[in-house]
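Asker: One structure follows; several queries about it will come next.
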Amino acid sequence: MKKIVAREFSASRAWDALDIERFASPATVRLHWTDKPYTWHVNDGPEVFVVLDGRVDMHTRSGAGTVVHALEVGDIFHAQQGDEHVAHPVGMARVLVIENEGSV
């Protein structure tokens, strides 16, 4: 799992890109609105989670324990298949989620 801070990304030339994920099966791109936490879950494939409005605390759990990643507008959270996580908005938030079609 990793957090990507979009405003810290730069490149050597215009329109250069940071490859984040390649989906093997059909994927969905969905805009979510929330003011309440989701539930702990593990996706059946990768997930790319982009904060568009508000703030979100992304809790992750692994053998090393629980970590909270504070996500601001423009920040990206990238989870791989099997990564356990839960999003907790701080107030209201709008997020763009790209994941396998039918994922949790």
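Labels used: A, B, ... for chains in the order of the structure tokens, numbers from 1 for residues in each chain, and numbers from 1 for ligands as shown.
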May I have the residues within 7 Å of range 29-40 of chain A as a list in words, using only C-alpha atoms and disregarding those fewer than 4 positions away in the same chain?
Answerer: Glu84, His85, Val86, Ala87, His88, Pro89, Gly91, Met92, Ala93, Arg94, Val95, Leu96, Val97, Ile98 and Glu99 of chain A
Asker: Would you save the residues of that selection, restricted to N, CA and C atoms, as a CSV table (one decimal), in the first residue's frame?
Answerer:
chain,number,residue,atom,x,y,z
A,84,GLU,N,-5.5,-4.8,3.7
A,84,GLU,CA,-6.7,-4.5,4.5
A,84,GLU,C,-6.7,-3.0,4.9
A,85,HIS,N,-7.9,-2.3,4.7
A,85,HIS,CA,-7.9,-0.9,4.9
A,85,HIS,C,-9.4,-0.5,5.1
A,86,VAL,N,-9.5,0.8,5.6
A,86,VAL,CA,-10.8,1.4,5.8
A,86,VAL,C,-10.6,2.9,5.8
A,87,ALA,N,-11.5,3.6,5.1
A,87,ALA,CA,-11.5,5.0,4.9
A,87,ALA,C,-12.4,5.7,6.0
A,88,HIS,N,-11.9,6.7,6.7
A,88,HIS,CA,-12.6,7.5,7.6
A,88,HIS,C,-12.6,8.9,7.2
A,89,PRO,N,-13.7,9.4,6.6
A,89,PRO,CA,-13.7,10.9,6.2
A,89,PRO,C,-13.6,11.7,7.5
A,91,GLY,N,-15.3,14.8,8.5
A,91,GLY,CA,-16.4,15.5,8.0
A,91,GLY,C,-16.9,14.9,6.7
A,92,MET,N,-17.2,15.8,5.7
A,92,MET,CA,-17.7,15.3,4.4
A,92,MET,C,-16.5,15.1,3.4
A,93,ALA,N,-16.6,14.1,2.6
A,93,ALA,CA,-15.6,14.0,1.6
A,93,ALA,C,-16.1,13.4,0.3
A,94,ARG,N,-15.5,13.8,-0.8
A,94,ARG,CA,-15.8,13.2,-2.1
A,94,ARG,C,-14.5,12.5,-2.6
A,95,VAL,N,-14.7,11.3,-3.0
A,95,VAL,CA,-13.5,10.5,-3.5
A,95,VAL,C,-13.8,9.8,-4.8
A,96,LEU,N,-12.8,9.7,-5.6
A,96,LEU,CA,-12.8,9.0,-6.9
A,96,LEU,C,-12.2,7.6,-6.6
A,97,VAL,N,-12.9,6.5,-6.9
A,97,VAL,CA,-12.3,5.2,-6.6
A,97,VAL,C,-12.3,4.4,-7.9
A,98,ILE,N,-11.2,3.9,-8.2
A,98,ILE,CA,-11.0,3.0,-9.4
A,98,ILE,C,-10.6,1.7,-8.9
A,99,GLU,N,-11.4,0.7,-9.3
A,99,GLU,CA,-11.2,-0.7,-8.8
A,99,GLU,C,-11.8,-1.7,-9.7
Asker: Tell me which protein, DNA and RNA residues are within 7 Å of His78 in chain A, counting only C-alpha atoms, leaving out same-chain ones fewer than 4 positions away, and put them as an mmCIF file with all heavy atoms, in the first residue's frame.
Answerer:
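File produced: around_37.cif:
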data_model
loop_
_atom_site.group_PDB
_atom_site.id
_atom_site.type_symbol
_atom_site.label_atom_id
_atom_site.label_comp_id
_atom_site.auth_asym_id
_atom_site.auth_seq_id
_atom_site.Cartn_x
_atom_site.Cartn_y
_atom_site.Cartn_z
ATOM 1 N N MET A 1 0.850 -1.170 0.000
ATOM 2 C CA MET A 1 0.000 0.000 0.000
ATOM 3 C C MET A 1 0.891 1.225 0.000
ATOM 4 O O MET A 1 1.971 1.205 0.577
ATOM 5 C CB MET A 1 -0.870 0.021 1.247
ATOM 6 C CG MET A 1 -1.895 -1.083 1.287
ATOM 7 S SD MET A 1 -2.816 -1.124 2.834
ATOM 8 C CE MET A 1 -1.752 -2.174 3.812
ATOM 9 N N LYS A 2 0.392 2.300 -0.640
ATOM 10 C CA LYS A 2 1.160 3.534 -0.566
ATOM 11 C C LYS A 2 0.270 4.734 -0.773
ATOM 12 O O LYS A 2 -0.777 4.659 -1.401
ATOM 13 C CB LYS A 2 2.301 3.541 -1.569
ATOM 14 C CG LYS A 2 1.881 3.534 -3.023
ATOM 15 C CD LYS A 2 3.107 3.541 -3.920
ATOM 16 C CE LYS A 2 2.713 3.140 -5.330
ATOM 17 N NZ LYS A 2 3.837 3.063 -6.215
ATOM 18 N N LYS A 3 0.715 5.835 -0.208
ATOM 19 C CA LYS A 3 0.061 7.126 -0.372
ATOM 20 C C LYS A 3 0.893 7.918 -1.369
ATOM 21 O O LYS A 3 2.119 7.967 -1.276
ATOM 22 C CB LYS A 3 0.001 7.851 0.967
ATOM 23 C CG LYS A 3 -0.476 9.287 0.861
ATOM 24 C CD LYS A 3 -0.381 9.976 2.205
ATOM 25 C CE LYS A 3 -0.572 11.460 2.065
ATOM 26 N NZ LYS A 3 -0.417 12.143 3.348
ATOM 27 N N GLU A 47 -6.864 -1.131 -5.903
ATOM 28 C CA GLU A 47 -7.771 0.012 -5.740
ATOM 29 C C GLU A 47 -6.944 1.289 -5.780
ATOM 30 O O GLU A 47 -5.891 1.367 -5.145
ATOM 31 C CB GLU A 47 -8.520 -0.069 -4.409
ATOM 32 C CG GLU A 47 -9.392 1.136 -4.119
ATOM 33 C CD GLU A 47 -10.070 1.062 -2.754
ATOM 34 O OE1 GLU A 47 -10.287 -0.053 -2.241
ATOM 35 O OE2 GLU A 47 -10.364 2.122 -2.206
ATOM 36 N N VAL A 48 -7.423 2.267 -6.521
ATOM 37 C CA VAL A 48 -6.823 3.605 -6.538
ATOM 38 C C VAL A 48 -7.895 4.553 -6.017
ATOM 39 O O VAL A 48 -9.007 4.618 -6.554
ATOM 40 C CB VAL A 48 -6.359 4.006 -7.953
ATOM 41 C CG1 VAL A 48 -5.797 5.419 -7.942
ATOM 42 C CG2 VAL A 48 -5.309 3.022 -8.472
ATOM 43 N N PHE A 49 -7.585 5.286 -4.958
ATOM 44 C CA PHE A 49 -8.527 6.098 -4.187
ATOM 45 C C PHE A 49 -7.994 7.523 -4.182
ATOM 46 O O PHE A 49 -6.907 7.774 -3.675
ATOM 47 C CB PHE A 49 -8.562 5.500 -2.771
ATOM 48 C CG PHE A 49 -9.491 6.128 -1.783
ATOM 49 C CD1 PHE A 49 -10.687 5.519 -1.473
ATOM 50 C CD2 PHE A 49 -9.143 7.286 -1.114
ATOM 51 C CE1 PHE A 49 -11.537 6.060 -0.511
ATOM 52 C CE2 PHE A 49 -9.979 7.844 -0.162
ATOM 53 C CZ PHE A 49 -11.191 7.231 0.140
#
Asker: Excluding Ala24 in chain A and its own-chain neighbours fewer than 4 positions away, which residues fall within 12 Å of it when counting only C-alpha atoms? Please give them as a PyMOL selection string.
Answerer: chain A and resi 44-46+99-101
Asker: Write out as a PyMOL selection string all residues of chain A that DSSP puts in strand (DSSP E) for this structure's backbone.
Answerer: chain A and resi 2-5+27-34+41-42+47-53+56-62+65-71+75-79+84-89+93-100
Asker: Using only C-alpha atoms, please write the residues we just selected to a file, as an mmCIF file, in the first residue's frame.
Answerer:
data_model
loop_
_atom_site.group_PDB
_atom_site.id
_atom_site.type_symbol
_atom_site.label_atom_id
_atom_site.label_comp_id
_atom_site.auth_asym_id
_atom_site.auth_seq_id
_atom_site.Cartn_x
_atom_site.Cartn_y
_atom_site.Cartn_z
ATOM 1 C CA LYS A 2 1.160 3.534 -0.566
ATOM 2 C CA LYS A 3 0.061 7.126 -0.372
ATOM 3 C CA ILE A 4 0.902 9.391 -3.312
ATOM 4 C CA VAL A 5 0.908 13.161 -2.817
ATOM 5 C CA ALA A 27 -12.586 -1.710 -13.816
ATOM 6 C CA THR A 28 -15.022 0.893 -12.553
ATOM 7 C CA VAL A 29 -14.357 4.584 -11.999
ATOM 8 C CA ARG A 30 -16.793 5.859 -9.375
ATOM 9 C CA LEU A 31 -17.314 9.148 -7.554
ATOM 10 C CA HIS A 32 -18.300 8.579 -3.925
ATOM 11 C CA TRP A 33 -19.731 11.021 -1.381
ATOM 12 C CA THR A 34 -19.483 10.179 2.318
ATOM 13 C CA HIS A 41 -12.211 -4.663 3.893
ATOM 14 C CA VAL A 42 -9.831 -6.372 1.499
ATOM 15 C CA GLU A 47 -7.771 0.012 -5.740
ATOM 16 C CA VAL A 48 -6.823 3.605 -6.538
ATOM 17 C CA PHE A 49 -8.527 6.098 -4.187
ATOM 18 C CA VAL A 50 -8.261 9.851 -4.921
ATOM 19 C CA VAL A 51 -9.491 12.539 -2.520
ATOM 20 C CA LEU A 52 -11.253 15.222 -4.567
ATOM 21 C CA ASP A 53 -12.863 17.208 -1.745
ATOM 22 C CA VAL A 56 -9.885 11.240 4.695
ATOM 23 C CA ASP A 57 -7.933 9.213 7.242
ATOM 24 C CA MET A 58 -7.095 5.906 5.553
ATOM 25 C CA HIS A 59 -6.457 3.207 8.153
ATOM 26 C CA THR A 60 -4.362 0.251 7.013
ATOM 27 C CA ARG A 61 -3.689 -2.986 8.865
ATOM 28 C CA SER A 62 -0.872 -5.471 8.338
ATOM 29 C CA GLY A 65 0.035 -3.168 13.028
ATOM 30 C CA THR A 66 -2.320 -0.341 12.105
ATOM 31 C CA VAL A 67 -1.201 2.852 10.344
ATOM 32 C CA VAL A 68 -3.308 5.936 9.586
ATOM 33 C CA HIS A 69 -2.533 7.899 6.405
ATOM 34 C CA ALA A 70 -3.954 11.449 6.420
ATOM 35 C CA LEU A 71 -5.183 12.162 2.877
ATOM 36 C CA ASP A 75 -3.746 12.776 -2.457
ATOM 37 C CA ILE A 76 -3.937 9.247 -3.831
ATOM 38 C CA PHE A 77 -4.059 6.001 -1.871
ATOM 39 C CA HIS A 78 -3.041 2.856 -3.748
ATOM 40 C CA ALA A 79 -3.968 -0.561 -2.334
ATOM 41 C CA GLU A 84 -6.694 -4.485 4.504
ATOM 42 C CA HIS A 85 -7.938 -0.899 4.866
ATOM 43 C CA VAL A 86 -10.823 1.393 5.821
ATOM 44 C CA ALA A 87 -11.506 5.032 4.929
ATOM 45 C CA HIS A 88 -12.638 7.475 7.642
ATOM 46 C CA PRO A 89 -13.708 10.854 6.244
ATOM 47 C CA ALA A 93 -15.553 13.968 1.560
ATOM 48 C CA ARG A 94 -15.799 13.214 -2.145
ATOM 49 C CA VAL A 95 -13.496 10.542 -3.498
ATOM 50 C CA LEU A 96 -12.816 8.972 -6.852
ATOM 51 C CA VAL A 97 -12.345 5.198 -6.605
ATOM 52 C CA ILE A 98 -10.974 3.040 -9.413
ATOM 53 C CA GLU A 99 -11.182 -0.702 -8.771
ATOM 54 C CA ASN A 100 -12.204 -4.011 -10.308
#
Asker: Between CA of Ser103 in chain A and CA of Asp19 in chain A, what distance in Å does the model show, to one decimal?
Answerer: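 According to the coordinates, CA of Ser103 in chain A and CA of Asp19 in chain A are separated by 21.4 Å.
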